[in-house]
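What follows is the content of query-v1.csv (CSV, C-alpha atoms).
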```
chain,number,residue,atom,x,y,z
A,1,MET,CA,-2.6,16.2,32.9
A,2,ASP,CA,-3.1,19.4,31.0
A,3,ILE,CA,-6.4,20.2,29.4
A,4,SER,CA,-4.6,20.8,26.1
A,5,ASN,CA,-4.1,17.0,25.8
A,6,TYR,CA,-7.7,16.9,24.6
A,7,LEU,CA,-6.7,19.2,21.8
A,8,TYR,CA,-3.8,16.9,20.8
A,9,LEU,CA,-6.1,13.9,20.8
A,10,SER,CA,-8.4,15.9,18.6
A,11,VAL,CA,-5.5,16.6,16.2
A,12,ILE,CA,-4.5,12.9,16.1
A,13,LEU,CA,-8.1,11.8,15.3
A,14,PHE,CA,-8.5,14.5,12.7
A,15,THR,CA,-5.3,13.4,11.0
A,16,ILE,CA,-6.3,9.7,11.0
A,17,GLY,CA,-9.6,10.7,9.4
A,18,ALA,CA,-7.9,12.7,6.7
A,19,LEU,CA,-5.6,9.8,6.0
A,20,GLY,CA,-8.5,7.4,5.8
A,21,VAL,CA,-10.2,9.7,3.2
A,22,LEU,CA,-6.9,9.5,1.2
A,23,ILE,CA,-6.2,5.8,1.3
A,24,ARG,CA,-9.5,3.9,1.5
A,25,ARG,CA,-11.4,3.1,-1.6
A,26,ASN,CA,-14.8,2.1,-0.2
A,27,ALA,CA,-17.2,5.1,-0.4
A,28,ILE,CA,-18.9,4.2,2.9
A,29,VAL,CA,-15.6,3.9,4.8
A,30,ILE,CA,-14.6,7.3,3.3
A,31,PHE,CA,-17.8,8.7,4.7
A,32,MET,CA,-17.0,7.3,8.1
A,33,CYS,CA,-13.6,8.9,8.0
A,34,ILE,CA,-15.2,12.3,7.3
A,35,GLU,CA,-17.4,11.7,10.3
A,36,LEU,CA,-14.3,11.0,12.3
A,37,MET,CA,-12.8,14.3,11.2
A,38,LEU,CA,-16.1,16.1,12.2
A,39,ASN,CA,-16.1,14.4,15.6
A,40,ALA,CA,-12.5,15.4,16.2
A,41,SER,CA,-13.2,19.0,15.5
A,42,ASN,CA,-16.2,18.7,17.9
A,43,LEU,CA,-13.9,17.5,20.6
A,44,ALA,CA,-11.6,20.6,20.0
A,45,LEU,CA,-14.7,22.9,20.2
A,46,VAL,CA,-15.8,21.4,23.5
A,47,THR,CA,-12.3,21.7,24.9
A,48,PHE,CA,-12.1,25.4,23.8
A,49,SER,CA,-15.5,26.0,25.4
A,50,ARG,CA,-14.1,24.7,28.7
A,51,ILE,CA,-10.9,26.7,28.3
A,52,HIS,CA,-12.8,30.0,27.7
A,53,GLY,CA,-15.5,29.3,30.2
A,54,ASN,CA,-18.5,30.0,28.0
A,55,LEU,CA,-20.9,27.7,26.1
A,56,ASP,CA,-20.4,29.2,22.6
A,57,GLY,CA,-18.1,26.3,21.6
A,58,GLN,CA,-20.7,23.8,22.6
A,59,VAL,CA,-23.3,25.5,20.5
A,60,ALA,CA,-21.0,25.5,17.5
A,61,SER,CA,-20.4,21.8,18.2
A,62,PHE,CA,-24.1,21.2,18.2
A,63,PHE,CA,-24.5,22.9,14.8
A,64,THR,CA,-21.6,20.7,13.5
A,65,MET,CA,-23.6,17.6,14.6
A,66,VAL,CA,-26.7,18.8,12.7
A,67,VAL,CA,-24.7,19.5,9.5
A,68,ALA,CA,-23.0,16.1,9.8
A,69,ALA,CA,-26.4,14.4,10.1
A,70,CYS,CA,-27.6,16.2,6.9
A,71,GLU,CA,-24.3,15.3,5.1
A,72,VAL,CA,-24.7,11.6,6.0
A,73,VAL,CA,-28.3,11.5,4.8
A,74,VAL,CA,-27.5,13.0,1.4
A,75,GLY,CA,-24.1,11.2,1.0
A,76,LEU,CA,-25.5,7.8,1.7
A,77,ALA,CA,-28.4,8.5,-0.7
A,78,ILE,CA,-25.8,9.3,-3.4
A,79,ILE,CA,-23.9,6.1,-2.5
A,80,VAL,CA,-27.1,4.0,-2.9
A,81,THR,CA,-27.8,5.7,-6.3
A,82,ILE,CA,-24.2,5.0,-7.5
A,83,TYR,CA,-24.4,1.4,-6.2
A,84,ARG,CA,-27.7,0.9,-8.1
A,85,SER,CA,-26.2,1.8,-11.5
A,86,ARG,CA,-22.6,0.5,-11.0
A,87,ARG,CA,-23.1,-2.4,-8.5
A,88,SER,CA,-20.1,-1.2,-6.5
A,89,ALA,CA,-19.4,1.0,-3.6
A,90,SER,CA,-15.8,1.7,-4.6
A,91,VAL,CA,-14.9,5.2,-5.5
A,92,ASP,CA,-12.6,4.0,-8.3
A,93,ASP,CA,-15.4,2.3,-10.1
A,94,ALA,CA,-17.4,5.5,-10.4
A,95,SER,CA,-14.8,7.1,-12.7
A,96,LEU,CA,-16.9,7.2,-15.8
A,97,LEU,CA,-19.7,9.6,-16.7
A,98,LYS,CA,-23.1,8.2,-17.2
A,99,ASN,CA,-23.3,6.8,-20.7
B,1,MET,CA,16.3,31.4,26.8
B,2,LEU,CA,15.5,28.2,24.9
B,3,HIS,CA,12.5,27.6,27.1
B,4,ASN,CA,11.0,31.0,26.1
B,5,THR,CA,11.7,30.5,22.4
B,6,PHE,CA,10.2,27.1,22.0
B,7,HIS,CA,6.9,26.1,23.6
B,8,PHE,CA,6.7,22.4,23.4
B,9,ALA,CA,3.3,22.1,24.8
B,10,LEU,CA,0.3,24.4,25.3
B,11,THR,CA,-0.4,24.7,29.0
B,12,VAL,CA,-3.9,25.9,29.9
B,13,GLY,CA,-4.7,24.3,33.2
B,14,ARG,CA,-4.6,21.0,35.1
B,15,THR,CA,-7.4,18.5,35.3
B,16,ALA,CA,-8.3,16.5,38.4
B,17,THR,CA,-6.6,13.1,38.7
B,18,PRO,CA,-9.7,10.9,38.0
B,19,GLU,CA,-10.2,12.7,34.7
B,20,ALA,CA,-6.5,12.3,33.8
B,21,VAL,CA,-6.8,8.5,34.6
B,22,GLN,CA,-9.9,8.3,32.4
B,23,PHE,CA,-8.2,10.2,29.6
B,24,TRP,CA,-5.0,8.1,29.6
B,25,ILE,CA,-7.1,4.9,29.5
B,26,LEU,CA,-9.7,5.9,26.9
B,27,ALA,CA,-7.6,8.2,24.6
B,28,PRO,CA,-5.2,5.4,23.5
B,29,LEU,CA,-8.1,3.1,22.9
B,30,ALA,CA,-9.8,5.7,20.8
B,31,VAL,CA,-6.7,6.2,18.7
B,32,ILE,CA,-6.2,2.5,18.2
B,33,ALA,CA,-9.8,2.1,17.1
B,34,ALA,CA,-9.4,5.0,14.7
B,35,LEU,CA,-6.3,3.4,13.2
B,36,GLY,CA,-8.3,0.2,13.0
B,37,ILE,CA,-10.8,1.9,10.7
B,38,LEU,CA,-8.0,2.5,8.3
B,39,VAL,CA,-6.7,-1.1,8.2
B,40,VAL,CA,-9.7,-3.5,8.7
B,41,LYS,CA,-10.9,-5.0,5.5
B,42,LYS,CA,-14.6,-5.2,6.0
B,43,ALA,CA,-16.7,-2.1,6.1
B,44,VAL,CA,-18.9,-3.5,8.9
B,45,HIS,CA,-15.8,-3.8,11.2
B,46,SER,CA,-15.0,-0.2,10.4
B,47,ALA,CA,-18.5,0.9,11.4
B,48,LEU,CA,-18.1,-0.9,14.8
B,49,LEU,CA,-14.8,0.7,15.5
B,50,MET,CA,-16.2,4.1,14.5
B,51,ALA,CA,-19.1,3.5,17.0
B,52,TRP,CA,-16.5,2.8,19.7
B,53,VAL,CA,-14.6,6.1,18.9
B,54,MET,CA,-17.9,8.0,19.1
B,55,VAL,CA,-18.8,6.5,22.5
B,56,THR,CA,-15.3,7.4,23.8
B,57,LEU,CA,-15.8,11.0,22.5
B,58,ALA,CA,-19.2,11.1,24.3
B,59,ILE,CA,-17.5,10.2,27.6
B,60,PHE,CA,-14.9,12.9,27.0
B,61,TYR,CA,-17.7,15.5,26.4
B,62,ILE,CA,-19.4,14.5,29.7
B,63,ALA,CA,-16.0,14.6,31.5
B,64,GLN,CA,-15.6,18.2,30.2
B,65,ASP,CA,-18.9,19.4,31.6
B,66,ALA,CA,-20.7,19.2,28.2
B,67,LEU,CA,-23.5,16.9,29.4
B,68,PHE,CA,-26.0,17.8,26.7
B,69,LEU,CA,-23.5,17.2,23.9
B,70,GLY,CA,-22.4,13.9,25.4
B,71,ILE,CA,-25.9,12.6,25.4
B,72,VAL,CA,-26.6,14.0,21.9
B,73,GLN,CA,-23.4,12.4,20.7
B,74,ILE,CA,-24.6,9.0,21.8
B,75,VAL,CA,-28.2,9.5,20.6
B,76,VAL,CA,-27.5,11.1,17.3
B,77,TYR,CA,-24.1,9.7,16.3
B,78,THR,CA,-23.9,6.2,17.7
B,79,GLY,CA,-27.7,5.8,17.6
B,80,ALA,CA,-28.9,7.4,14.4
B,81,VAL,CA,-25.9,8.0,12.1
B,82,MET,CA,-24.1,4.7,12.7
B,83,MET,CA,-27.4,2.8,12.4
B,84,LEU,CA,-27.9,4.6,9.0
B,85,PHE,CA,-24.4,3.5,8.0
B,86,LEU,CA,-25.0,-0.1,8.9
B,87,PHE,CA,-28.4,0.0,7.2
B,88,ILE,CA,-26.7,1.2,3.9
B,89,LEU,CA,-24.0,-1.4,4.4
B,90,MET,CA,-26.7,-4.1,4.5
B,91,LEU,CA,-28.4,-2.5,1.5
B,92,VAL,CA,-25.4,-2.3,-0.8
B,93,GLY,CA,-24.1,-5.7,0.1
B,94,ILE,CA,-22.3,-7.1,3.1
B,95,ASP,CA,-19.6,-8.2,0.7
B,96,SER,CA,-18.6,-4.7,-0.1
B,97,SER,CA,-15.1,-5.3,1.3
B,98,GLU,CA,-12.6,-3.5,-0.8
B,99,SER,CA,-9.5,-4.7,-2.5
B,100,PHE,CA,-6.3,-3.1,-1.2
B,101,VAL,CA,-4.9,-3.0,-4.8
B,102,GLU,CA,-3.8,0.6,-5.5
B,103,ASN,CA,-5.4,2.1,-8.6
B,104,LEU,CA,-3.1,5.1,-8.4
B,105,LYS,CA,0.4,3.7,-8.3
B,106,GLY,CA,2.4,4.7,-5.2
B,107,GLN,CA,-0.4,6.8,-3.7
B,108,ARG,CA,-0.4,5.3,-0.3
B,109,ILE,CA,3.1,6.3,1.0
B,110,PRO,CA,2.7,10.0,0.0
B,111,SER,CA,-0.8,10.0,1.6
B,112,ILE,CA,0.7,8.7,4.9
B,113,LEU,CA,3.5,11.3,4.7
B,114,ALA,CA,1.0,14.1,3.9
B,115,ALA,CA,-1.2,13.1,6.9
B,116,ILE,CA,1.8,13.0,9.2
B,117,GLY,CA,2.8,16.4,7.9
B,118,LEU,CA,-0.7,17.8,8.5
B,119,GLY,CA,-0.8,16.4,12.0
B,120,GLY,CA,2.7,17.7,12.8
B,121,LEU,CA,1.8,21.1,11.4
B,122,ILE,CA,-1.3,21.4,13.6
B,123,VAL,CA,0.5,20.0,16.7
B,124,SER,CA,3.3,22.5,16.3
B,125,LEU,CA,0.8,25.3,15.9
B,126,LEU,CA,-0.9,24.2,19.1
B,127,GLY,CA,2.5,23.9,20.9
B,128,ARG,CA,3.4,27.5,19.9
B,129,ALA,CA,0.0,28.9,21.0
B,130,THR,CA,-0.2,30.7,24.3
B,131,VAL,CA,-3.2,31.7,26.2
B,132,SER,CA,-3.2,34.8,28.4
B,133,ALA,CA,-5.1,33.3,31.2
B,134,PRO,CA,-5.4,29.7,32.6
B,135,ALA,CA,-8.5,27.7,31.7
B,136,VAL,CA,-11.7,29.1,33.2
B,137,GLY,CA,-13.8,25.9,33.4
B,138,LEU,CA,-17.5,25.8,33.0
B,139,GLN,CA,-18.6,26.1,36.6
B,140,THR,CA,-20.1,29.5,36.2
B,141,ALA,CA,-21.4,29.0,32.7
B,142,ASN,CA,-23.1,25.8,33.8
B,143,ALA,CA,-24.4,27.3,37.0
B,144,GLY,CA,-28.0,27.2,35.9
B,145,GLY,CA,-27.6,23.8,34.2
B,146,ASN,CA,-25.8,22.9,31.0
B,147,VAL,CA,-28.9,22.3,29.0
B,148,GLN,CA,-30.5,25.6,30.1
B,149,GLY,CA,-27.2,27.4,29.3
B,150,ILE,CA,-27.1,26.0,25.8
B,151,ALA,CA,-30.8,26.7,25.2
B,152,LYS,CA,-30.4,30.3,26.3
B,153,LEU,CA,-27.6,30.8,23.8
B,154,LEU,CA,-29.4,28.8,21.0
B,155,PHE,CA,-32.6,30.8,21.2
B,156,THR,CA,-31.1,34.3,21.7
B,157,GLN,CA,-27.7,34.8,20.1
B,158,TYR,CA,-27.8,31.9,17.7
B,159,VAL,CA,-31.5,31.9,16.8
B,160,TRP,CA,-30.9,32.9,13.2
B,161,ALA,CA,-28.4,30.0,12.7
B,162,PHE,CA,-30.9,27.7,14.4
B,163,GLU,CA,-33.7,28.7,11.9
B,164,VAL,CA,-31.3,28.3,8.9
B,165,VAL,CA,-30.4,24.8,10.2
B,166,SER,CA,-34.1,23.8,10.0
B,167,ALA,CA,-34.1,24.7,6.3
B,168,LEU,CA,-31.0,22.7,5.8
B,169,LEU,CA,-32.6,19.6,7.5
B,170,ILE,CA,-35.7,19.9,5.2
B,171,THR,CA,-33.5,20.2,2.2
B,172,ALA,CA,-31.4,17.2,3.2
B,173,ALA,CA,-34.6,15.1,3.7
B,174,LEU,CA,-36.0,16.1,0.4
B,175,GLY,CA,-32.6,15.5,-1.4
B,176,ALA,CA,-32.4,12.0,0.1
B,177,MET,CA,-35.9,11.2,-1.1
B,178,VAL,CA,-35.2,12.4,-4.6
B,179,LEU,CA,-31.9,10.6,-4.8
B,180,ALA,CA,-33.1,7.3,-3.4
B,181,HIS,CA,-36.3,7.3,-5.6
B,182,SER,CA,-36.0,4.9,-8.5
B,183,GLN,CA,-38.2,4.1,-11.4
B,184,LYS,CA,-38.5,0.5,-12.5
B,185,VAL,CA,-37.3,0.2,-16.1
B,186,ARG,CA,-38.1,-3.5,-16.6
B,187,SER,CA,-40.4,-6.0,-15.1
B,188,PRO,CA,-38.9,-8.4,-12.6
B,189,TYR,CA,-37.5,-11.7,-13.9
B,190,ALA,CA,-40.0,-14.5,-13.9
B,191,GLN,CA,-39.3,-18.2,-13.8
B,192,ARG,CA,-39.8,-18.4,-17.6
B,193,ASP,CA,-37.3,-15.7,-18.3
B,194,LEU,CA,-34.7,-17.3,-16.0
B,195,SER,CA,-35.2,-20.7,-17.7
B,196,ILE,CA,-34.7,-19.1,-21.2
B,197,ALA,CA,-31.6,-17.3,-20.0
B,198,ARG,CA,-30.2,-20.6,-18.7
B,199,PHE,CA,-30.6,-22.4,-22.0
B,200,ARG,CA,-29.1,-19.5,-24.0
B,201,LYS,CA,-25.8,-19.6,-22.1
B,202,SER,CA,-22.7,-20.8,-23.9
B,203,SER,CA,-22.7,-24.1,-22.0
B,204,LEU,CA,-25.7,-26.3,-21.1
B,205,GLY,CA,-23.8,-27.5,-17.9
B,206,ASP,CA,-26.3,-26.0,-15.5
B,207,ALA,CA,-29.4,-25.9,-17.7
B,208,ALA,CA,-31.2,-28.1,-15.3
B,209,GLY,CA,-30.4,-25.8,-12.4
B,210,LEU,CA,-27.3,-25.4,-10.2
B,211,PRO,CA,-26.3,-28.3,-8.0
B,212,ALA,CA,-27.6,-28.3,-4.4
B,213,SER,CA,-25.2,-27.7,-1.6
B,214,GLY,CA,-24.2,-30.2,1.1
B,215,VAL,CA,-22.3,-33.4,1.1
B,216,PHE,CA,-24.3,-36.7,1.3
B,217,ALA,CA,-26.3,-36.7,4.5
B,218,ARG,CA,-23.4,-35.9,6.8
B,219,ARG,CA,-23.5,-32.2,6.3
B,220,ASN,CA,-26.3,-30.4,4.5
B,221,ALA,CA,-25.5,-26.8,5.6
B,222,VAL,CA,-25.7,-24.2,2.8
B,223,ASP,CA,-22.0,-23.3,3.4
B,224,VAL,CA,-20.5,-26.6,2.3
B,225,PRO,CA,-20.1,-27.1,-1.5
B,226,ALA,CA,-21.3,-30.3,-3.0
B,227,LEU,CA,-18.8,-32.9,-4.3
B,228,LEU,CA,-18.8,-33.7,-7.9
B,229,PRO,CA,-18.5,-37.3,-9.1
B,230,ASP,CA,-14.7,-36.9,-9.4
B,231,GLY,CA,-14.4,-35.8,-5.8
B,232,SER,CA,-13.8,-32.1,-6.5
B,233,PRO,CA,-16.0,-29.5,-4.8
B,234,ALA,CA,-18.6,-27.6,-6.8
B,235,PRO,CA,-18.4,-23.9,-5.8
B,236,THR,CA,-21.5,-23.0,-7.8
B,237,SER,CA,-23.6,-25.1,-5.3
B,238,VAL,CA,-23.1,-22.4,-2.7
B,239,SER,CA,-25.0,-19.1,-2.8
B,240,GLN,CA,-23.2,-16.1,-4.4
B,241,THR,CA,-23.5,-14.1,-1.2
B,242,LEU,CA,-21.8,-16.7,1.0
B,243,ARG,CA,-19.1,-17.1,-1.7
B,244,SER,CA,-18.3,-13.4,-1.8
B,245,ARG,CA,-18.2,-13.2,2.0
B,246,GLY,CA,-15.8,-16.1,2.1
B,247,ASP,CA,-18.0,-18.1,4.4
B,248,ILE,CA,-17.5,-21.4,2.7
B,249,ILE,CA,-16.4,-24.5,4.6
B,250,THR,CA,-14.3,-27.1,2.7
B,251,SER,CA,-16.3,-30.2,2.1
B,252,ALA,CA,-13.3,-32.6,2.5
B,253,PRO,CA,-13.9,-33.5,6.2
B,254,PHE,CA,-17.4,-34.6,5.3
B,255,ALA,CA,-16.6,-36.8,2.4
B,256,LEU,CA,-17.2,-40.5,3.0
B,257,GLU,CA,-14.1,-42.8,3.2
B,258,ALA,CA,-13.6,-45.0,0.2
B,259,ILE,CA,-15.2,-48.3,0.7
B,260,GLU,CA,-13.2,-51.3,-0.3
B,261,GLU,CA,-14.9,-53.3,-3.0
B,262,GLN,CA,-16.2,-56.6,-1.7
B,263,GLU,CA,-15.9,-59.6,-3.8
B,264,ASP,CA,-19.0,-61.7,-4.0
```
Structure rendered as structure tokens:
Amino acid sequence: MDISNYLYLSVILFTIGALGVLIRRNAIVIFMCIELMLNASNLALVTFSRIHGNLDGQVASFFTMVVAACEVVVGLAIIVTIYRSRRSASVDDASLLKN
Amino acid sequence: MLHNTFHFALTVGRTATPEAVQFWILAPLAVIAALGILVVKKAVHSALLMAWVMVTLAIFYIAQDALFLGIVQIVVYTGAVMMLFLFILMLVGIDSSESFVENLKGQRIPSILAAIGLGGLIVSLLGRATVSAPAVGLQTANAGGNVQGIAKLLFTQYVWAFEVVSALLITAALGAMVLAHSQKVRSPYAQRDLSIARFRKSSLGDAAGLPASGVFARRNAVDVPALLPDGSPAPTSVSQTLRSRGDIITSAPFALEAIEEQED
């Protein structure tokens, strides 16, 4: 097996994540799909790190994880706030401005 | 030559056989689980499938000599992030399964086509890429230990980014606290308020309270609707949460058989 197969797996997972963001309506599931895309890019970074024989890719992957954790905290807080006013976690219901 | 014009696959170096076996077992499972996230109806099931994909990726990291990232992936992602997801799912209601009705007409097919196009584009780019040298591997970079190697980079070359990340973390924590903070705009409903609200409804059908669940003494579980005098089940006797989750058992098997009238 060639090492580049990890890169193809990463592309497939990234594509599935992007598709999930496009077709799902539940805000929490959309967030999970964004996490899937970030994870897929992490896999590509780790594989590049192995191909090039240095650890810079792994450090970049580490920073991606930190940013993803921050994004989840703020994003889920926004979902809770929207749910509190709209009683729904669907992105289609949050189509009106606050009145 | 055709072979020189088109590179159908990027070749960088071979892996050992055990790693290849592991890859061909786990990678299809990860892809199937990722596709499952798209099609399952309940958000909780999506979260479980997502946790599985993350654990698989952690195994791939460890197989690729990234021990530190593999452990961090399990601790931070499947441990903290997915628990946060499940926590929010419980908070905003377990019944937040979505309808698959399209609000934008005909949006799904173009989305799938666009995703396939995106994937094909990146795969073709990867296939055309060439590397000058075969894969180096991390044996020399990890000679002093993987954690020590990352720490050395993190605290020398990337120390500025590391400090900026701490500011980002503090901002995110503050932002979450501000967003999740709520002010009470009304006092909680008391028994008197609820009673008044019941009597002001259009019908006085449930002014005395909703019927209790369960059928006679044969089944008193909360998931069985009570039977009305005409034999039809009363859905209002089951809690709203159970109803929206669809966890209702039909009460027909628990109804008593009709007793023949005895003549005295």
I need the contact residues of chain B against chain A, so if you could list those with any atom within 6 Å, counting all atoms listed in the file, and return them as a JSON list (two decimals) with C-alpha atoms, in the frame of the given file, that would help.
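This went into part_19.json:
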```
[["chain", "number", "residue", "atom", "x", "y", "z"],
["B", 13, "GLY", "CA", -4.70, 24.30, 33.20],
["B", 14, "ARG", "CA", -4.60, 21.00, 35.10],
["B", 15, "THR", "CA", -7.40, 18.50, 35.30],
["B", 20, "ALA", "CA", -6.50, 12.30, 33.80],
["B", 38, "LEU", "CA", -8.00, 2.50, 8.30],
["B", 115, "ALA", "CA", -1.20, 13.10, 6.90],
["B", 119, "GLY", "CA", -0.80, 16.40, 12.00],
["B", 135, "ALA", "CA", -8.50, 27.70, 31.70],
["B", 136, "VAL", "CA", -11.70, 29.10, 33.20],
["B", 137, "GLY", "CA", -13.80, 25.90, 33.40],
["B", 138, "LEU", "CA", -17.50, 25.80, 33.00],
["B", 141, "ALA", "CA", -21.40, 29.00, 32.70],
["B", 172, "ALA", "CA", -31.40, 17.20, 3.20],
["B", 176, "ALA", "CA", -32.40, 12.00, 0.10],
["B", 179, "LEU", "CA", -31.90, 10.60, -4.80],
["B", 180, "ALA", "CA", -33.10, 7.30, -3.40]]
```
Please, what distance in Å, to one decimal, runs between CA of Phe68 in chain B and CA of Met54 in chain B?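 The value is 14.8 Å.
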For CA of Ile32 in chain B and CA of Met50 in chain B, the interatomic separation in Å (one decimal):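 A separation of 10.8 Å between them.
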In Å to one decimal, how far is CA of Thr17 in chain B from CA of Ala63 in chain B?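 According to the coordinates, CA of Ala63 in chain B and CA of Thr17 in chain B are separated by 11.9 Å.
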Option closest in space to Ser244 in chain B, from B:Asp223, B:Pro229, B:Val12, B:Leu126 [counting only C-alpha atoms]: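 Looking only at the distances to Ser244 in chain B, the closest residue turns out to be B:Asp223.
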Atoms added to range 128-153 of chain B (N, CA and C atoms), reported as a CSV table (one decimal), keeping the file's coordinate frame:
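Below you can see result.csv, which holds the result:
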```csv
chain,number,residue,atom,x,y,z
B,128,ARG,N,2.9,26.1,19.9
B,128,ARG,CA,3.4,27.5,19.9
B,128,ARG,C,2.3,28.5,20.4
B,129,ALA,N,1.0,28.0,20.5
B,129,ALA,CA,0.0,28.9,21.0
B,129,ALA,C,0.2,29.2,22.4
B,130,THR,N,-0.2,30.4,22.8
B,130,THR,CA,-0.2,30.7,24.3
B,130,THR,C,-1.5,31.3,24.6
B,131,VAL,N,-2.0,31.0,25.8
B,131,VAL,CA,-3.2,31.7,26.2
B,131,VAL,C,-2.8,32.6,27.4
B,132,SER,N,-3.6,33.7,27.4
B,132,SER,CA,-3.2,34.8,28.4
B,132,SER,C,-3.6,34.3,29.8
B,133,ALA,N,-4.7,33.6,29.9
B,133,ALA,CA,-5.1,33.3,31.2
B,133,ALA,C,-5.3,31.7,31.3
B,134,PRO,N,-5.2,31.1,32.4
B,134,PRO,CA,-5.4,29.7,32.6
B,134,PRO,C,-6.9,29.4,32.3
B,135,ALA,N,-7.2,28.1,32.1
B,135,ALA,CA,-8.5,27.7,31.7
B,135,ALA,C,-9.5,28.1,32.8
B,136,VAL,N,-10.7,28.6,32.3
B,136,VAL,CA,-11.7,29.1,33.2
B,136,VAL,C,-12.5,28.0,33.8
B,137,GLY,N,-12.8,27.0,33.0
B,137,GLY,CA,-13.8,25.9,33.4
B,137,GLY,C,-15.2,26.4,33.3
B,138,LEU,N,-16.1,25.5,33.3
B,138,LEU,CA,-17.5,25.8,33.0
B,138,LEU,C,-18.4,25.9,34.2
B,139,GLN,N,-17.8,26.1,35.4
B,139,GLN,CA,-18.6,26.1,36.6
B,139,GLN,C,-19.6,27.2,36.6
B,140,THR,N,-19.1,28.4,36.2
B,140,THR,CA,-20.1,29.5,36.2
B,140,THR,C,-21.0,29.5,35.1
B,141,ALA,N,-20.5,29.0,33.9
B,141,ALA,CA,-21.4,29.0,32.7
B,141,ALA,C,-22.5,27.9,32.9
B,142,ASN,N,-22.2,26.9,33.6
B,142,ASN,CA,-23.1,25.8,33.8
B,142,ASN,C,-23.9,25.9,35.1
B,143,ALA,N,-23.8,27.1,35.7
B,143,ALA,CA,-24.4,27.3,37.0
B,143,ALA,C,-25.9,27.0,37.0
B,144,GLY,N,-26.6,27.4,36.0
B,144,GLY,CA,-28.0,27.2,35.9
B,144,GLY,C,-28.4,25.9,35.2
B,145,GLY,N,-27.4,25.0,35.0
B,145,GLY,CA,-27.6,23.8,34.2
B,145,GLY,C,-27.1,23.9,32.8
B,146,ASN,N,-26.4,22.8,32.3
B,146,ASN,CA,-25.8,22.9,31.0
B,146,ASN,C,-26.8,23.0,29.9
B,147,VAL,N,-27.9,22.2,30.0
B,147,VAL,CA,-28.9,22.3,29.0
B,147,VAL,C,-29.6,23.7,28.9
B,148,GLN,N,-29.9,24.2,30.1
B,148,GLN,CA,-30.5,25.6,30.1
B,148,GLN,C,-29.5,26.6,29.5
B,149,GLY,N,-28.2,26.5,29.8
B,149,GLY,CA,-27.2,27.4,29.3
B,149,GLY,C,-27.2,27.4,27.8
B,150,ILE,N,-27.1,26.2,27.2
B,150,ILE,CA,-27.1,26.0,25.8
B,150,ILE,C,-28.4,26.5,25.1
B,151,ALA,N,-29.5,26.2,25.8
B,151,ALA,CA,-30.8,26.7,25.2
B,151,ALA,C,-30.9,28.2,25.2
B,152,LYS,N,-30.3,28.8,26.2
B,152,LYS,CA,-30.4,30.3,26.3
B,152,LYS,C,-29.6,30.9,25.2
B,153,LEU,N,-28.4,30.3,24.9
B,153,LEU,CA,-27.6,30.8,23.8
B,153,LEU,C,-28.3,30.5,22.4
```
